[in-house]
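Q: Here's a structure for you.
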Amino acid sequence: MNQTMTIAEMTLRETVRRRGVLVLLLVLPLAFYLGRRGDHLGQSIRFVCLGLAWVLSAAALFVGSSARSLEPRLRLSGYRTHQLFLGRLLALWTLGLLLSAPYFLLIRFDQHNVRYGAIAVIMLLGVLVAPLLGLALSALLPRDLEGMLVLMTVVGLQMILDPAGNAARLLPFWFSREIGTYAIDHTSVGYFDRGLLHAAVTALLLLVLVAVAFGVRLRRRPHVKIVGGLS
Amino acid sequence: MRHEIWLAALTDELRRHGVGPDLAAHVVAEAAGHLRDSGEPPLRAFGPPSAYAAAVADSVGGPALSTRSSVGPVRLRAVDISKRYGRRTVLSGVSLTVHAGQVAAVVGANGSGKSTFLRICAGLVGADGGHVELHGTVGYCPQAGGTADFLLAEEHFALIGAGRGVPRSAAAREGARRAAALDWVPGDAQARHLSGGTRQKLNLVLAGLGDPEVLLLDEPYQGFDRGTYLDFWHEVWRWRDAGRAVVVVTHLLNQLDRVDIVLDLSAGGAGVAA
């Protein structure tokens, strides 16, 4: 546990020192929000939730990519693979909560006649899923650029695909549109339940993907036999 | 340069050049006496401290060898290692055994597979043939990278220390002590702001943190000035005397007479340990 918390702490320290990145992380969802605030308040809520998910995924992608060269050394120093990715996830989940809180307050005081509890759930699920997506991409794709292009494709499709279609359900943030409809348009609770289930399944699949990808990349090579000292 | 400052610098340089403490004290006392009697400025009388110390070390036949501790059990055994990248064979049938209390140097031309061999020993790269036994914990110092750009040196100590189960305050103390041995005082600079040589000092300190039994060092002296380069070899010999097994990848040959094993990878990828 101490090792996982140390990784989380150091990841947070590194991220907080990238002040320019932090400002962009905070401002980008605001642009999504303000873009549709004038003509469609409901859409502005959906877009700000997607914006938050996008910036958190991007932050996780870069955190994961920048740690790639250090992680073999950390494994040799005694860290277990799961401590490395769980520590980074803890840091990113904390960052996500801190980034989402002001947007929830903004919606709370700027929008009326919406289900605030459901909007909080969308944000919490976004904070849960987005870092998993970014970390999975960083583990699967060796360079930032490839990961970023895939991330842009995912979020772009999320914006243009009809949420009622089957293809949209394969996207990682489909739950956000579904619960958003429940929160904004006051539809039946079925929308909320479907969104919750989608987020849970997505998070689980991504967690397994992250664990497998990290495990393969940081595996002990079969030619090495370690007698005492390393896990 | 004032006499006291020059004499203090000479003391440091004599230590760096491996001149024993008794002889160093004698040399410094003689130099102080000469400066006092002649009234000459030290730079005119003797030149820079580093050059004078080098001349003294040469005149007494090189650095003093410390009393060798006995060789202990096997810490690293690499047997019949082979590695290919595509059609190119990088390593073929390379073997190396290093015991506790031994220093091995891996030498060879650029592209001869020195770093690949070390990474295979560390388990960072797969081998196409052969096997490696590691007895105990491993400290690894890469040729470049291996640090986090936005973390301070002390945070690196805490990070690596936590992996080895060293409490944070103890890791900070040990890191500062090892840094001092390389003539470096870690400050408040993030790793990305350190010079290349200082970043390698950080890398080297991290490799030794927590006293691993096996140290794998991949040309760790990149960017070191001459004084720090000598400090580095003193650190290697201290590790050896403390019973550690040390493997150093190097292309600089002037220290090879002071290591226990030389693995030469120049001969077409087939290593020869001597």
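Chains: A, B, ... in order of the structure tokens. Residues: from 1 per chain. Ligands: from 1, in order shown.
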Please identify all polymer residues within 10 Å of region 93-104 of chain A, counting only C-alpha atoms, omitting same-chain residues fewer than 6 positions from it, and present them as number ranges by chain.

A: A: 8, 12, 15-16, 22, 25-27, 29-30, 33, 45, 48-49, 52-53, 55-57, 59-60, 87, 110, 116-117, 119-120, 123-124, 126-132

Q: Would you output that residue set with N, CA and C atoms, as a CSV table (one decimal), in the first residue's frame?

A:
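Just written: again.csv:
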```
chain,number,residue,atom,x,y,z
A,8,ALA,N,1.3,7.2,-6.4
A,8,ALA,CA,0.2,8.2,-6.5
A,8,ALA,C,0.7,9.6,-6.2
A,12,LEU,N,1.1,12.8,-8.8
A,12,LEU,CA,0.4,14.1,-8.5
A,12,LEU,C,1.4,15.3,-8.5
A,15,THR,N,2.4,16.1,-12.0
A,15,THR,CA,1.3,16.7,-12.8
A,15,THR,C,1.1,18.1,-12.3
A,16,VAL,N,1.1,18.4,-11.0
A,16,VAL,CA,0.8,19.7,-10.5
A,16,VAL,C,1.9,20.7,-11.0
A,22,LEU,N,-2.1,22.1,-16.5
A,22,LEU,CA,-3.2,22.2,-15.6
A,22,LEU,C,-4.2,23.2,-16.0
A,25,LEU,N,-6.2,21.9,-18.9
A,25,LEU,CA,-7.1,20.9,-18.4
A,25,LEU,C,-8.4,21.5,-17.8
A,26,LEU,N,-8.2,22.6,-17.1
A,26,LEU,CA,-9.3,23.3,-16.4
A,26,LEU,C,-10.1,24.1,-17.4
A,27,VAL,N,-9.5,24.6,-18.4
A,27,VAL,CA,-10.2,25.6,-19.3
A,27,VAL,C,-10.9,24.9,-20.5
A,29,PRO,N,-12.8,22.1,-20.8
A,29,PRO,CA,-14.2,21.7,-20.6
A,29,PRO,C,-15.1,23.0,-20.5
A,30,LEU,N,-14.5,24.1,-20.1
A,30,LEU,CA,-15.3,25.4,-20.0
A,30,LEU,C,-15.7,25.8,-21.4
A,33,TYR,N,-18.5,23.9,-22.5
A,33,TYR,CA,-19.7,24.3,-21.8
A,33,TYR,C,-20.3,25.6,-22.4
A,45,ILE,N,-24.4,20.9,-20.9
A,45,ILE,CA,-24.1,19.9,-19.8
A,45,ILE,C,-23.5,18.7,-20.4
A,48,VAL,N,-19.9,19.5,-21.6
A,48,VAL,CA,-18.9,19.7,-20.5
A,48,VAL,C,-18.5,18.3,-19.9
A,49,CYS,N,-19.4,17.4,-19.8
A,49,CYS,CA,-19.1,16.1,-19.2
A,49,CYS,C,-18.2,15.4,-20.2
A,52,LEU,N,-14.7,17.0,-19.9
A,52,LEU,CA,-13.9,16.6,-18.7
A,52,LEU,C,-13.4,15.2,-19.0
A,53,ALA,N,-14.2,14.3,-19.6
A,53,ALA,CA,-13.7,12.9,-19.8
A,53,ALA,C,-12.5,13.0,-20.8
A,55,VAL,N,-10.3,15.5,-21.4
A,55,VAL,CA,-9.1,16.0,-20.8
A,55,VAL,C,-8.4,15.1,-19.8
A,56,LEU,N,-9.3,14.4,-19.1
A,56,LEU,CA,-8.7,13.4,-18.1
A,56,LEU,C,-8.1,12.2,-18.9
A,57,SER,N,-8.7,11.8,-20.0
A,57,SER,CA,-8.1,10.7,-20.8
A,57,SER,C,-6.8,11.2,-21.3
A,59,ALA,N,-4.8,13.5,-20.1
A,59,ALA,CA,-3.8,13.6,-19.0
A,59,ALA,C,-3.3,12.2,-18.7
A,60,ALA,N,-4.2,11.3,-18.6
A,60,ALA,CA,-3.7,9.9,-18.3
A,60,ALA,C,-2.8,9.3,-19.3
A,87,GLY,N,-1.3,3.1,-8.6
A,87,GLY,CA,-0.8,4.4,-8.0
A,87,GLY,C,-1.1,5.5,-9.0
A,110,ASP,N,-25.9,27.5,-12.4
A,110,ASP,CA,-26.2,28.1,-13.7
A,110,ASP,C,-27.4,27.5,-14.4
A,116,TYR,N,-29.6,17.2,-10.5
A,116,TYR,CA,-28.2,17.4,-10.2
A,116,TYR,C,-27.5,16.1,-9.7
A,117,GLY,N,-28.2,15.3,-9.0
A,117,GLY,CA,-27.6,14.1,-8.5
A,117,GLY,C,-27.1,13.2,-9.7
A,119,ILE,N,-26.3,14.3,-12.6
A,119,ILE,CA,-25.1,14.9,-13.3
A,119,ILE,C,-23.8,14.6,-12.5
A,120,ALA,N,-24.0,14.6,-11.1
A,120,ALA,CA,-22.8,14.3,-10.3
A,120,ALA,C,-22.4,12.8,-10.6
A,123,MET,N,-20.4,12.7,-13.8
A,123,MET,CA,-19.0,13.2,-13.6
A,123,MET,C,-18.1,12.2,-12.9
A,124,LEU,N,-18.7,11.6,-11.9
A,124,LEU,CA,-18.0,10.6,-11.1
A,124,LEU,C,-17.6,9.4,-12.0
A,126,GLY,N,-17.3,9.5,-15.2
A,126,GLY,CA,-16.3,10.0,-16.1
A,126,GLY,C,-14.9,10.0,-15.5
A,127,VAL,N,-14.8,10.4,-14.2
A,127,VAL,CA,-13.6,10.4,-13.5
A,127,VAL,C,-13.0,9.0,-13.3
A,128,LEU,N,-14.0,8.0,-13.2
A,128,LEU,CA,-13.6,6.6,-13.1
A,128,LEU,C,-13.0,6.1,-14.4
A,129,VAL,N,-13.8,6.3,-15.5
A,129,VAL,CA,-13.5,5.6,-16.8
A,129,VAL,C,-12.3,6.3,-17.5
A,130,ALA,N,-12.3,7.7,-17.6
A,130,ALA,CA,-11.4,8.4,-18.5
A,130,ALA,C,-9.9,8.1,-18.2
A,131,PRO,N,-9.5,8.1,-16.9
A,131,PRO,CA,-8.1,7.7,-16.7
A,131,PRO,C,-7.8,6.3,-17.1
A,132,LEU,N,-8.7,5.4,-17.0
A,132,LEU,CA,-8.5,4.0,-17.4
A,132,LEU,C,-8.3,4.0,-18.9
```

Q: Write out as number ranges by chain the residues lying within 12 Å of Leu194 (chain B), counting only C-alpha atoms and excluding same-chain residues fewer than 2 positions away.

A: B: 147-153, 184-192, 196-203, 223

Q: Hey, could you make a per-residue contact list for chain B against chain A with 6 Å as the cut-off, showing the nearest pair of atoms and its distance in Å to one decimal, counting only C-alpha atoms, sorted by chain and number, as a tab-separated table?

A:
```
residue	atom	partner	partner_atom	distance
B:Gly123	CA	A:Arg221	CA	5.5
B:Gly126	CA	A:Arg221	CA	5.7
B:His131	CA	A:His223	CA	4.6
B:Val132	CA	A:Val224	CA	4.7
B:Glu133	CA	A:Lys225	CA	4.8
B:Leu134	CA	A:Ile226	CA	4.8
B:His135	CA	A:Val227	CA	4.7
B:Gly136	CA	A:Gly229	CA	4.4
B:Thr137	CA	A:Gly229	CA	4.4
B:Gly146	CA	A:Leu70	CA	4.9
B:Phe150	CA	A:Glu14	CA	5.1
B:Ala162	CA	A:Gln3	CA	5.8
B:Gly163	CA	A:Gly78	CA	4.6
B:Arg164	CA	A:Gly78	CA	5.5
```

Q: Give me a file of those residues, with C-alpha atoms, as a PDB file, in the first residue's frame.

A:
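File result.pdb, as written:
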```
ATOM      1  CA  GLY B 123      15.773  -8.735 -17.289  1.00  0.00           C
ATOM      2  CA  GLY B 126      14.527 -10.785 -23.516  1.00  0.00           C
ATOM      3  CA  HIS B 131      19.795 -17.794 -18.964  1.00  0.00           C
ATOM      4  CA  VAL B 132      20.660 -15.418 -16.121  1.00  0.00           C
ATOM      5  CA  GLU B 133      20.678 -16.080 -12.382  1.00  0.00           C
ATOM      6  CA  LEU B 134      20.521 -13.091 -10.060  1.00  0.00           C
ATOM      7  CA  HIS B 135      21.099 -13.660  -6.372  1.00  0.00           C
ATOM      8  CA  GLY B 136      19.669 -10.725  -4.438  1.00  0.00           C
ATOM      9  CA  THR B 137      18.363  -7.277  -5.225  1.00  0.00           C
ATOM     10  CA  GLY B 146      15.656   6.547 -15.846  1.00  0.00           C
ATOM     11  CA  PHE B 150       9.396  16.992 -12.945  1.00  0.00           C
ATOM     12  CA  ALA B 162       9.853   3.086  -1.150  1.00  0.00           C
ATOM     13  CA  GLY B 163      10.279   0.302  -3.709  1.00  0.00           C
ATOM     14  CA  ARG B 164      13.132  -1.138  -1.670  1.00  0.00           C
TER      15      ARG B 164
END
```

Q: Enumerate as number ranges by chain all residues of region 108-199 of chain B assigned to strand (DSSP E or B) by DSSP on the backbone, naming them with the chain letters and numbers the document uses.

A: B: 129-135, 138-141, 152, 190

Q: Smallest atom-to-atom distance to Val98 (chain B): which of B:Gly113, B:Pro48, B:Gly86, B:Pro73, using only C-alpha atoms?

A: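 Among B:Gly113, B:Pro48, B:Gly86, B:Pro73, it is B:Pro73 that comes nearest to Val98 (chain B).
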
Q: Taking 4 positions as the minimum chain separation for residues in the same chain, which residues sit within 10 Å of region 182-193 of chain A when counting only C-alpha atoms? Answer as a PyMOL selection string.

A: chain A and resi 41-43+45-46+111-122+175-178+197-199

Q: Those same residues - C-alpha atoms - I'd like them written as a PDB file, in the first residue's frame.

A:
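Saved as again19.pdb:
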```pdb
ATOM      1  CA  LEU A  41     -28.425  24.491 -22.033  1.00  0.00           C
ATOM      2  CA  GLY A  42     -28.880  20.729 -22.009  1.00  0.00           C
ATOM      3  CA  GLN A  43     -26.256  20.194 -24.701  1.00  0.00           C
ATOM      4  CA  ILE A  45     -24.087  19.938 -19.842  1.00  0.00           C
ATOM      5  CA  ARG A  46     -23.547  16.907 -22.096  1.00  0.00           C
ATOM      6  CA  GLN A 111     -28.740  25.498 -14.733  1.00  0.00           C
ATOM      7  CA  HIS A 112     -32.213  24.835 -13.457  1.00  0.00           C
ATOM      8  CA  ASN A 113     -34.724  22.045 -13.740  1.00  0.00           C
ATOM      9  CA  VAL A 114     -32.118  19.308 -14.147  1.00  0.00           C
ATOM     10  CA  ARG A 115     -31.359  16.309 -11.937  1.00  0.00           C
ATOM     11  CA  TYR A 116     -28.174  17.427 -10.160  1.00  0.00           C
ATOM     12  CA  GLY A 117     -27.586  14.052  -8.522  1.00  0.00           C
ATOM     13  CA  ALA A 118     -27.520  12.321 -11.906  1.00  0.00           C
ATOM     14  CA  ILE A 119     -25.123  14.946 -13.263  1.00  0.00           C
ATOM     15  CA  ALA A 120     -22.816  14.274 -10.312  1.00  0.00           C
ATOM     16  CA  VAL A 121     -22.998  10.565 -11.164  1.00  0.00           C
ATOM     17  CA  ILE A 122     -22.004  11.264 -14.809  1.00  0.00           C
ATOM     18  CA  PHE A 175     -23.003   6.260 -20.520  1.00  0.00           C
ATOM     19  CA  SER A 176     -22.488  10.003 -20.307  1.00  0.00           C
ATOM     20  CA  ARG A 177     -25.086  10.704 -23.028  1.00  0.00           C
ATOM     21  CA  GLU A 178     -27.505   8.158 -21.617  1.00  0.00           C
ATOM     22  CA  LEU A 197     -24.285  -0.599 -16.332  1.00  0.00           C
ATOM     23  CA  HIS A 198     -22.402   0.636 -19.399  1.00  0.00           C
ATOM     24  CA  ALA A 199     -19.951   2.617 -17.231  1.00  0.00           C
TER      25      ALA A 199
END
```

Q: Once DSSP has gone over the backbone, tell me which residues of region 69-270 of chain B are in alpha helix (DSSP H), as a ChimeraX atom specification.

A: /B:114-122,153-163,168-181,196-208,226-241
